[in-house]
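**Q** Dumping the structure here so I can ask a few things about it.
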Number of protein chains: 2
Amino acid sequence: MSNCIIAQSGGPTAVINSSLAGVLEKANIDQSIYKIYGSINGIQGILHDQVMDLTELSQNVEKLEILKTTPGMYLGSCRFKLQDPEKDDSQFKIIFSIFEKYEIKYFFYIGGNDSMDTVFKLSKYAKDNNKDIVIMGIPKTIDNDLYGIDHTPGFGSAAKFVATAMLEIAHDTYIYNMESITIVEIMGRNAGWLTASAALARNTYSSAPDLIYLPEIPFSKERFIEDIRRIHLTKKNVIIAVSEGVRDENGEFISASSKETDSFGHVHLSGTGRTLENLAIDSFGCKVRSIELNVLQRSSMHLASLTDVNEAFLLGQKAFEYAISGETGKMVTLNRISNDPYSIEVASISIDKVANIEKSIPLNWISPDKNDVTEEAIQYMKPLIIGEASVKFRNGLPLYADISHLRFYN
Amino acid sequence: MSNCIIAQSGGPTAVINSSLAGVLEKANIDQSIYKIYGSINGIQGILHDQVMDLTELSQNVEKLEILKTTPGMYLGSCRFKLQDPEKDDSQFKIIFSIFEKYEIKYFFYIGGNDSMDTVFKLSKYAKDNNKDIVIMGIPKTIDNDLYGIDHTPGFGSAAKFVATAMLEIAHDTYIYNMESITIVEIMGRNAGWLTASAALARNTYSSAPDLIYLPEIPFSKERFIEDIRRIHLTKKNVIIAVSEGVRDENGEFISASSKETDSFGHVHLSGTGRTLENLAIDSFGCKVRSIELNVLQRSSMHLASLTDVNEAFLLGQKAFEYAISGETGKMVTLNRISNDPYSIEVASISIDKVANIEKSIPLNWISPDKNDVTEEAIQYMKPLIIGEASVKFRNGLPLYADISHLRFYN
């Protein structure tokens with residue numbers, strides 16, 4: 001008999017709790033597992049001995065079902081990079097003493113790039129110090145920028161929200177008989193995947209987004225103005241998807257060139273969408289508005305992709321199975337077998353091939369004009385938003401898992 | 001045999017097309033109706049003779065079902081107030097000549113305050129000039145600020161979106177172990193109903209929104225800071241709902257006191273949420289963010305309230321029935337019979353009792369501290385968000401009505 005512990009880290013996605021539910025479900029039915037623990041606020045919960053018992057939750061089928069479709073992170077989060085153990089291994093000593101205290105045999109870390117770095121360091125430390133503890137990474141990020149995986153859990157749901165919002169914004173825009181420019185700012189500091197997913201909104205009656213600007217391509221204000229002018233020749237309403245992370249030729253964020261002065265005379269940075277809104281107002285005489293989709297992109301479980309929820313859950317389950325079978329220092333991953341019909345397989349990949357590498361959109365998936373993505377990119381993204389997660393509602397609102405324990409710890 | 005014509009006006013709601021579908025469904029089965037027309041872009045479509053034939057659409061059960069759950073406005077919109085006919089009746093002469101051209105007996109106008117003013121003027125003109133044309137108003141607005149009706153169609157769906165977004169933002173916020181302030185800016189220039197609806201998000205584990213600021217109450221920056229400081233004594237995360245329309249003691253929009261300077265040195269107004277974000281940054285050392293829910297509040301049909309969709313549809317049906325029975329110069333309206341169980345009845349009200357009057361939140365429904373609403377307000381709003389509209393999905397996206405005809409006219 002041994003125990004396991006799970007933690008979550010980084011920015012939330014709609015489905016990071018689906019992976020947690022997957023681990024819990026498998027751990028519950030495995031005879032070799034006695035106690036299942038959760039670390040509060042990622043690896044920091046282990047460092048500070050803030051650990052909660054999840055064993056009862058793992059036995060409650062109804063609660064697991066609700067957890068599976070709860071946004072945010074049931075165990076809380078952190079943004080924290082472990083020190084280099086070769087320089088200072090004090091953090092590692094604490095972590096492994098806590099593992100010992102709770103008789104932990106398996107540690108599962110659900111997260112993005114930083115979390116996979118933690119998995120990498122912990123598994124290397126365990127190996128170097130002959131610690132018999134399995135360290136397993138479970139990927140998540142709306143940014144889809146993890147290496148070694150076809151696509152990351154969380155991306156499909158965020159993409160479904162972005163594309164749906166874009167379609168609904170188009171319906172909101174086409175009703176007026178006037179020239180207009182609508183700029184939709186989408187998350188993604190370095191990788192443009194989520195911004196690209198806006199292209200999925202296009203259909204027989206709506207061309208929105210007419211233009212797509214990605215952080216992979218240096219942003220030119222002149223080209224932006226010229227692009228809008230060209231679209232306006234044939235369409236009254238120009239609808240634009242832009243990544244929050246677009247930078248100019250010098251690598252400076254576009255938003256950084258625009259400042260706000262508040263009523264006290266203090267200066268703050270404007271967002272990218274607002275900056276481009278002001279640029280368009282100055283350049284065109286028509287109605288201009290910018291819309292920032294903001295955190296709803298990563299928290300709108302009410303519109304999650306069923307494909308995404310199921311894959312996140314499956315990766316949680318498989319991570320547990322790989323761990324039990326003795327694999328360590330790995331991340332569970334998805335390989336795509338085919339686009340149409342869509343088919344994936346789960347595998348595991350050595351964590352040193354994943355950690356600290358960011359995956360951008362391949363340049364040959366960006367249109368020659370640098371203001372759109374190619375059909376190949378669209379075909380890649382299309383299957384990931386399919387299906388609607390069945391969220392329960394009570395009193396007209398989504399029924400999500402009770403997270404009052406976070407207030408106790410936080 | 002006679003013909004009828006329908007138009008839509010003002011800002012969109014998720015369910016304004018549900019009312020259109022209701023009129024179409026009844027008009028289709030009525031033996032006395034020959035042709036059903038739609039005016040493109042509200043009353044302007046009649047002025048400019050931009051009229052489309054909706055007879056075929058009204059016979060297509062499947063298309064009507066999709067129209068019923070399509071956001072935006074199928075017939076396009078306008079923001080247009082008719083002249084005072086006593087000063088200049090040229091617009092009225094054109095409108096009634098177009099009615100004559102298309103042999104119109106019934107005109108249905110779906111809209112908010114401005115549209116009800118149009119219904120008022122047209123029905124008065126018809127009466128004064130012995131025109132045998134029935135003029136009927138069908139209410140809509142997310143603002144819930146129409147007089148003479150318990151609540152407006154469109155408000156319930158917007159409220160459901162706002163409350164759900166607030167709950168999901170809470171899940172996104174509670175995960176970090178740090179002090180934070182989150183400011184959510186909600187639509188409503190003069191009436192705070194939609195901002196108040198954020199209160200519906202509260203549950204056993206989430207107090208969000210901790211503070212609510214409405215345009216009905218003069219906004220005080222000092223009280224705002226003090227309120228946050230008080231909440232922070234017991235809670236790390238303060239989540240705030242604020243109306244875009246909050247004004248200071250002098251009636252100036254809060255947003256108007258904050259300016260942005262873009263990279264060309266031009267000055268633009270910041271939004272209310274951003275202005276308060278900057279104020280909070282200057283006043284507190286913690287993480288601060290503002291989120292503007294923007295047009296998704298009025299266009300998120302994917303999360304529409306079933307109660308709202310059904311009521312909007314019913315009002316469209318009833319408007320037709322009242323019109324056929326000879327009523328004119330009226331608006332269809334909803335009277336509440338009881339809160340629990342929720343029960344309403346449809347009636348008609350003389351348009352002169354409705355037009356040009358805005359309904360704010362009663363001051364006794366605002367808490368004594370002026371930063372919240374009372375339980376009575378919550379009980380009033382609660383039934384309006386119940387039930388989920390069953391939107392069809394195709395390829396992972398909502399299947400909405402084809403609006404390519406708007407591009408033809410616009």
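Chains: A, B, ... in order of the structure tokens. Residues: from 1 per chain. Ligands: from 1, in order shown.
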Hey, what's within 6 Å of Ile181 (chain B) if we count only C-alpha atoms and toss same-chain stuff fewer than 2 positions away? As a compact mmCIF listing (two decimals) with N, CA and C atoms, in the first residue's frame, please?
**A**
# COMPACT_ATOMS: atom_id res chain seq x y z
N ASN B 237 -9.31 38.02 -1.87
CA ASN B 237 -9.74 38.42 -3.21
C ASN B 237 -11.02 39.24 -3.14
N VAL B 238 -10.97 40.46 -3.63
CA VAL B 238 -12.17 41.30 -3.71
C VAL B 238 -12.62 41.34 -5.16
N ILE B 239 -13.86 40.95 -5.38
CA ILE B 239 -14.39 40.94 -6.75
C ILE B 239 -15.55 41.93 -6.82
N VAL B 288 -4.20 43.88 -9.38
CA VAL B 288 -5.49 44.46 -9.77
C VAL B 288 -5.74 44.15 -11.23
**Q** Return as a PyMOL selection string the full set of residues in region 16-253 of chain A whose backbone-based DSSP assignment is helix (DSSP H, G or I).
**A** chain A and resi 16-29+43-47+55-59+61-68+90-101+113-128+155-173+193-201+221-232
**Q** Nearest to chain B among A:Ile349, A:Ala21, A:Met166, A:Ala323, with distances taken over only C-alpha atoms: which residue is it?
**A**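 The closest residue to chain B is A:Met166.
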**Q** Can you pull out the residues contacting Tyr322 (chain B)? Cut-off 10 Å, using only C-alpha atoms, and skip same-chain residues under 5 positions away; I want them as number ranges by chain.
**A** B: 134, 136, 317, 327-328, 330-332, 347-348
**Q** Can I get the selected residues back with C-alpha atoms, as a PDB file, in the first residue's frame?
**A**
ATOM      1  CA  VAL B 134     -52.351  48.570 -36.745  1.00  0.00           C
ATOM      2  CA  MET B 136     -47.825  47.250 -32.327  1.00  0.00           C
ATOM      3  CA  GLN B 317     -47.054  35.487 -30.758  1.00  0.00           C
ATOM      4  CA  GLU B 327     -55.672  46.588 -30.873  1.00  0.00           C
ATOM      5  CA  THR B 328     -53.273  49.322 -32.016  1.00  0.00           C
ATOM      6  CA  LYS B 330     -50.006  49.220 -27.842  1.00  0.00           C
ATOM      7  CA  MET B 331     -46.970  47.379 -26.521  1.00  0.00           C
ATOM      8  CA  VAL B 332     -47.264  43.760 -25.438  1.00  0.00           C
ATOM      9  CA  ALA B 347     -51.146  41.792 -21.544  1.00  0.00           C
ATOM     10  CA  SER B 348     -51.076  44.893 -23.722  1.00  0.00           C
TER      11      SER B 348
END
**Q** Which residue is closest to chain A? Choose from B:Asp282, B:Asp172, B:Glu185, B:Glu321 and count only C-alpha atoms.
**A** B:Asp172
**Q** Go through region 27-219 of chain A and collect every residue that DSSP, computed from the backbone, puts in strand (DSSP E); the answer should be as number ranges by chain.
**A** A: 33-39, 51-53, 104-111, 134-139, 180-186, 211-213
**Q** Give the answer as one residue: which of A:Ile378, A:Ile240, A:Ile225, A:Leu57 has the shortest atom-to-atom distance to Pro209 (chain A), using only C-alpha atoms?
**A**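 Result for the nearest residue to Pro209 (chain A): A:Ile240.
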**Q** Can you pull out every residue within 10 Å of Ile361 (chain A), counting only C-alpha atoms, but drop anything in the same chain fewer than 6 positions away, and send it as a PyMOL selection string?
**A** chain A and resi 144-145+190-193+196+214-216+373+377
